[in-house]
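Asker: The following block contains the structure, expressed as structure tokens.
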Amino acid sequence: MSDDAALTPLHPNYVKVLRIGWLLFTLPFVVAAGIAETAGLLPTGSFIVPVLLLGAFVLIRVPMRRYHARGYQMGQDRLRVVRGLLFRSDTVVPFGRVQHIDVNRGPLERIYGLSTLVLHTAGNHNASVSLPGLAESDAVAMREEIRAHVRRDSM
Amino acid sequence: MSAATGQQAGGWRRTSALGFLVRGIVALRNVVLPIVAVIFGSRGADKAGLFVAAAIPAILIITFLSAYIRWRHFRYRIGEDDISVESGLLSRAARSVPYERIQDVSLEQALVPRLFGMVEVKFETGAGGKDEVKIAYVSEAEGAALRETVRARKDGEISPDAGEGGAVAEPEQAQALFAMDLPRLLTFGLFEFSLIVFAVLAGAAQQFDFLLPFEIWDPDAWGDLLAGPGDWLVHLGIAAQAIGIMLAAAVLGFVGLATGVARTALRDWDFRLEQTPKGLRRRRGLLTRTDVVMPLHRVQALKIATGIVRRHFGWHDLSVISLAQDAKSASHVVVPFGTMEEIAPVVATTGFTLPDDRTDWHRPSAKHRFDRALFSVAPMAVLGIGLAAFGYFWFAAGAGLAGAVLAFRQHFLWLHDRHAMDARQLYIRRGWLAPRLDIASRVKLQSVEVAQGPIARRRGYADLVFGLAGGSLAMHGIPLEDALAIRAAVLDSIAGVDFSRLPE
């Protein structure tokens, strides 16, 4: 496994999950802008227009860029997880060092058939490495493969 | 086992009967405040004496009764593959810990239990320290036997049946590795200079200022004191005042040194480190004596540190970073204060090697330190310009000086930080005035992360952060290609290792 090799992208539905997350985040601001608008302190549209523009930009651009920033690479004996837009992080966990594995499914993820794979290690740093946005079947398959390694290695 | 250990059906045992007495006495410490409160609260009330005479025995009886009940309802069992503990009167809690989950067994003796020859046995489970299993209190012999039994069962050396009857605690042949005699302890104490006692006094004064005869926090009161009875102080003249200040400094210095010596003596009295078949055994402490065994195969990394002053006298300390490092308090210092000649054999015992002349040291990226210097100077520059604009030229000069010092600090850090890698280990040296050296085994690392912030990405350097069980390990600001090369090498050595020979 080399560092230059192409990363496997996450499931496209992950963008939608991120988008809904951002929508929930921007909603309070839009509501606040709406209230400020009805108060009529400044000319019409001076609150709601910039907030809506910014919100639309965030909703369209940020999840897409985040999605493209993330990726993983499943090797023979290790998993590489890359994430982060501004602060890039590129983590490799050898299967032989995995303590246990979780496959988590949040309510949003369940709607879109996604799962988050979490590898727990004994290290204080990166005690758990999570890889969101995997198709459910992929996550389970990866868990089984890693588990086979863990079992064999600990014998 | 001894008669004091009530053996019950099904292999259940109780702690020593004396234990409840010890527990009660220890609990008395928490009762002192309520008793003081009772005495204070009843001042001036009618029949105060009668009330106090009734309340104090009641408090004492409740304390000892609850200690007795806790003792009566606490039992433990050394089972075939786990150790079980049950406690509680109304809500019973039962916990069982499999032997393979027990990282280490430590014995602890605080002052009161020590007077009665009792120990507290702690099983470290790696569950973050809060939920560790404790058995308090058993006799010293029983504690040692318990530890031996659990260790032996854990290693699978002894079949469960052979464990009963106390034939387990075979004396181990131990080889002394390091010990501190009194002169060394005193020297160590001098370097542990501490003014914490003043912080404690200030805190106490704040808590109990209502008891003091004057207003300690009121400057006017002090002014009155100086003007009135302390008037002679003001008229002493410059020389006498200078002598006074020097005296005060001397007192401060003396108190600091005395605190350091006292704290060190309490903690590291009769420090002994031995190599036993089960690992490194450390005993230390004056009032609370602890006895810890660190299994060698659980040592993940070593840390050699020093201090700003003691470095010039050649004193260093060595600690092991171990899997069983649950609580922060469980510090695994194995040589608290020694020369490198004394540390070297201990390092050899742990199976690690110190860097030598052939070690191929590398520096972090100069760009990283340059950027850091820029970041520390920039706020000072802004501050200085702002101050100068408002006419505070002296303050502006001060800000400029601080900025220069910060920039120079980054330069010296760059000169002193370095890292190296050989076939088995990673070496990381950090720090300028008090440098520390981390030595980690390549195969015992858990994960490797290359992290880059926005500036680092533009400038081509990265932080390399390793997952280390029980500690942290990182190389900061090294060139990206170095980081990737080190990561590839470390990952290959982890993957290439024969797992059947690697413990945990």
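Just so we're on the same page: first chain in the structure tokens is A, next is B, and so on; residues restart at 1 for each chain, and ligands are numbered from 1 in the order they show up.
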As a PyMOL selection string, could you give me every residue of chain A near chain B (at most 12 Å apart, counting only C-alpha atoms)?
Answerer: chain A and resi 1-4+75-99+119-129+149-155
Asker: Enumerate the residues of region 272-329 of chain B with a DSSP assignment of helix (DSSP H, G or I), computed from the backbone, and present them as a list in words.
Answerer: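 Answer for region 272-329 of chain B, restricted to helix (DSSP H, G or I): Leu296, His297, Arg298, Arg310, Arg311, His312 and Phe313 of chain B.
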Asker: Save the residues we just selected, C-alpha atoms, as a short mmCIF file (atom, residue, chain, number, x, y, z; two decimals), in the first residue's frame?
Answerer:
data_model
loop_
_atom_site.label_atom_id
_atom_site.label_comp_id
_atom_site.auth_asym_id
_atom_site.auth_seq_id
_atom_site.Cartn_x
_atom_site.Cartn_y
_atom_site.Cartn_z
CA LEU B 296 8.58 -5.97 31.37
CA HIS B 297 6.64 -7.08 28.32
CA ARG B 298 4.08 -4.36 28.98
CA ARG B 310 19.71 19.49 37.60
CA ARG B 311 20.74 18.87 33.99
CA HIS B 312 23.98 20.74 34.66
CA PHE B 313 24.80 18.31 37.46
#
Asker: Under the rule that only C-alpha atoms are counted, which of A:Leu23, A:Leu108, A:Ala135, A:Leu117 is the nearest residue to Phe57 (chain A)?
Answerer: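 Using only C-alpha atoms, the shortest distance to Phe57 (chain A) belongs to A:Leu23.
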Asker: Within 9 Å of Ile35 (chain B), counting only C-alpha atoms, which residues qualify if same-chain residues fewer than 4 places away don't, as a ChimeraX atom specification?
Answerer: /B:31,39-40,52,55-56,59
Asker: Using only C-alpha atoms, determine which residues lie at most 10 Å from Asp102 (chain A), disregarding the query and same-chain residues fewer than 2 positions distant; provide the list as a list in words.
Answerer: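 Counting only the stated atoms, we get His100, Asn104, Arg105, Ser115, Thr116, Leu117, Val118, Leu119, His120, Ser128, Ser130, Ala139, Val140 and Arg143 of chain A.
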Asker: Quick one: pick out all strand (DSSP E) residues within region 14-144 of chain A from a backbone DSSP run and write them as a PyMOL selection string.
Answerer: chain A and resi 71-74+78-83+88-94+98-104+114-121+128-135
Asker: For Ser91 (chain B), list every protein, DNA or RNA residue within 12 Å, evaluated using only C-alpha atoms, and leave out those in the same chain fewer than 5 positions away; present the list as a list of chain:residue names.
Answerer: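 In the requested form, the answer reads B:Arg70, B:His73, B:Glu86.
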Asker: From the list A:Glu145, A:Leu131, A:Val103, A:Gly71, which residue is nearest Thr8 (chain A) when using only C-alpha atoms?
Answerer: A:Gly71
